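For reference, coords.pdb is printed below; it contains PDB, C-alpha atoms.
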ATOM      1  CA  MET A   1     -18.309  33.631 -11.303
ATOM      2  CA  THR A   2     -16.132  30.651 -10.400
ATOM      3  CA  LYS A   3     -14.779  30.019  -6.920
ATOM      4  CA  ASP A   4     -11.079  30.528  -6.323
ATOM      5  CA  ILE A   5      -9.515  27.364  -4.881
ATOM      6  CA  GLU A   6      -7.507  29.431  -2.399
ATOM      7  CA  SER A   7     -10.401  31.667  -1.381
ATOM      8  CA  GLY A   8     -11.155  29.618   1.709
ATOM      9  CA  GLU A   9     -14.689  28.865   0.552
ATOM     10  CA  ALA A  10     -15.941  25.398   1.387
ATOM     11  CA  ASP A  11     -15.570  23.045  -1.535
ATOM     12  CA  THR A  12     -18.120  20.475  -2.546
ATOM     13  CA  ALA A  13     -17.828  16.710  -2.815
ATOM     14  CA  GLU A  14     -18.080  17.120  -6.593
ATOM     15  CA  GLU A  15     -15.128  19.522  -6.688
ATOM     16  CA  ARG A  16     -13.051  17.198  -4.495
ATOM     17  CA  GLY A  17     -13.973  14.333  -6.797
ATOM     18  CA  GLN A  18     -12.806  16.308  -9.822
ATOM     19  CA  VAL A  19      -9.487  17.125  -8.153
ATOM     20  CA  HIS A  20      -8.934  13.469  -7.234
ATOM     21  CA  PHE A  21      -9.820  12.423 -10.795
ATOM     22  CA  LEU A  22      -7.331  14.881 -12.277
ATOM     23  CA  ALA A  23      -4.638  13.774  -9.835
ATOM     24  CA  ALA A  24      -5.219  10.139 -10.810
ATOM     25  CA  ILE A  25      -4.943  11.031 -14.507
ATOM     26  CA  VAL A  26      -1.657  12.853 -13.924
ATOM     27  CA  ASP A  27      -0.291   9.904 -11.916
ATOM     28  CA  GLU A  28      -1.230   7.489 -14.697
ATOM     29  CA  LEU A  29       0.250   9.712 -17.411
ATOM     30  CA  ILE A  30       3.543  10.072 -15.562
ATOM     31  CA  ARG A  31       3.635   6.331 -14.845
ATOM     32  CA  ARG A  32       3.120   5.512 -18.528
ATOM     33  CA  LEU A  33       5.662   8.079 -19.670
ATOM     34  CA  VAL A  34       8.222   6.464 -17.378
ATOM     35  CA  LEU A  35       7.276   2.923 -18.464
ATOM     36  CA  THR A  36       7.588   3.782 -22.164
ATOM     37  CA  GLY A  37      10.912   5.547 -21.664
ATOM     38  CA  ALA A  38       9.565   8.955 -22.673
ATOM     39  CA  MET A  39      10.458  10.205 -19.190
ATOM     40  CA  THR A  40      12.995   8.997 -16.659
ATOM     41  CA  ASP A  41      12.364   8.297 -12.986
ATOM     42  CA  ALA A  42      14.558  11.324 -12.282
ATOM     43  CA  ASP A  43      12.297  13.488 -14.480
ATOM     44  CA  ALA A  44       9.189  12.246 -12.663
ATOM     45  CA  ASN A  45      10.815  12.858  -9.287
ATOM     46  CA  ALA A  46      11.857  16.376 -10.345
ATOM     47  CA  ILE A  47       8.249  17.155 -11.319
ATOM     48  CA  GLU A  48       7.012  15.731  -8.007
ATOM     49  CA  ILE A  49       9.516  17.833  -6.039
ATOM     50  CA  ALA A  50       8.592  21.028  -7.916
ATOM     51  CA  VAL A  51       4.874  20.476  -7.306
ATOM     52  CA  ALA A  52       5.433  19.590  -3.644
ATOM     53  CA  GLU A  53       7.424  22.793  -3.156
ATOM     54  CA  ARG A  54       4.629  24.855  -4.730
ATOM     55  CA  LEU A  55       2.036  23.220  -2.493
ATOM     56  CA  GLY A  56       4.154  23.027   0.652
ATOM     57  CA  THR A  57       3.855  19.238   0.872
ATOM     58  CA  SER A  58       6.274  16.317   0.870
ATOM     59  CA  PRO A  59       7.144  14.833  -2.516
ATOM     60  CA  ARG A  60       6.440  11.207  -3.313
ATOM     61  CA  ALA A  61       9.071   9.005  -4.922
ATOM     62  CA  TRP A  62       8.501   7.598  -8.389
TER      63      TRP A  62
END
Structure translated into structure tokens:
Amino acid sequence: MTKDIESGEADTAEERGQVHFLAAIVDELIRRLVLTGAMTDADANAIEIAVAERLGTSPRAW
């Protein structure tokens, strides 16, 4: 059985590393989509705002 991220169970350094790795991949993908013109800065900011609202954090500007 896998642990639920929101279950309150202590996570491991490996799990934190995986989350940071995935976040870095997403950042790089968005950055490249913006640089190639496949996505606008406004699109990237809209995604950031939507995610921040889901997580209850402050959005970052692209």
Just the number, please: distance in Å from atom CA of A:Glu48 to atom CA of A:Arg60, one decimal.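 Taking atom CA of A:Glu48 and atom CA of A:Arg60, their separation equals 6.5 Å.
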Measuring between all atoms listed in the file, which one of A:Ile30, A:Ala23, A:Pro59, A:Gly17 shows the shortest distance to A:Ala44?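 With all atoms listed in the file as the atom set, the closest residue is A:Ile30.
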As an exercise, work out the distance from atom CA of A:Ala61 to atom CA of A:Thr12 in Å and give it to one decimal place.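 A separation of 29.6 Å between them.
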Residue nearest A:Leu33 - candidates A:Asp11, A:Trp62, A:Thr57, A:Ala52, atoms counted: all atoms listed in the file: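 Of all the options, A:Trp62 lies closest to A:Leu33.
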Atom CA of A:Glu14 to atom CA of A:Glu53, distance in Å rounded to a single decimal: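 We find that atom CA of A:Glu14 and atom CA of A:Glu53 lie 26.4 Å from each other.
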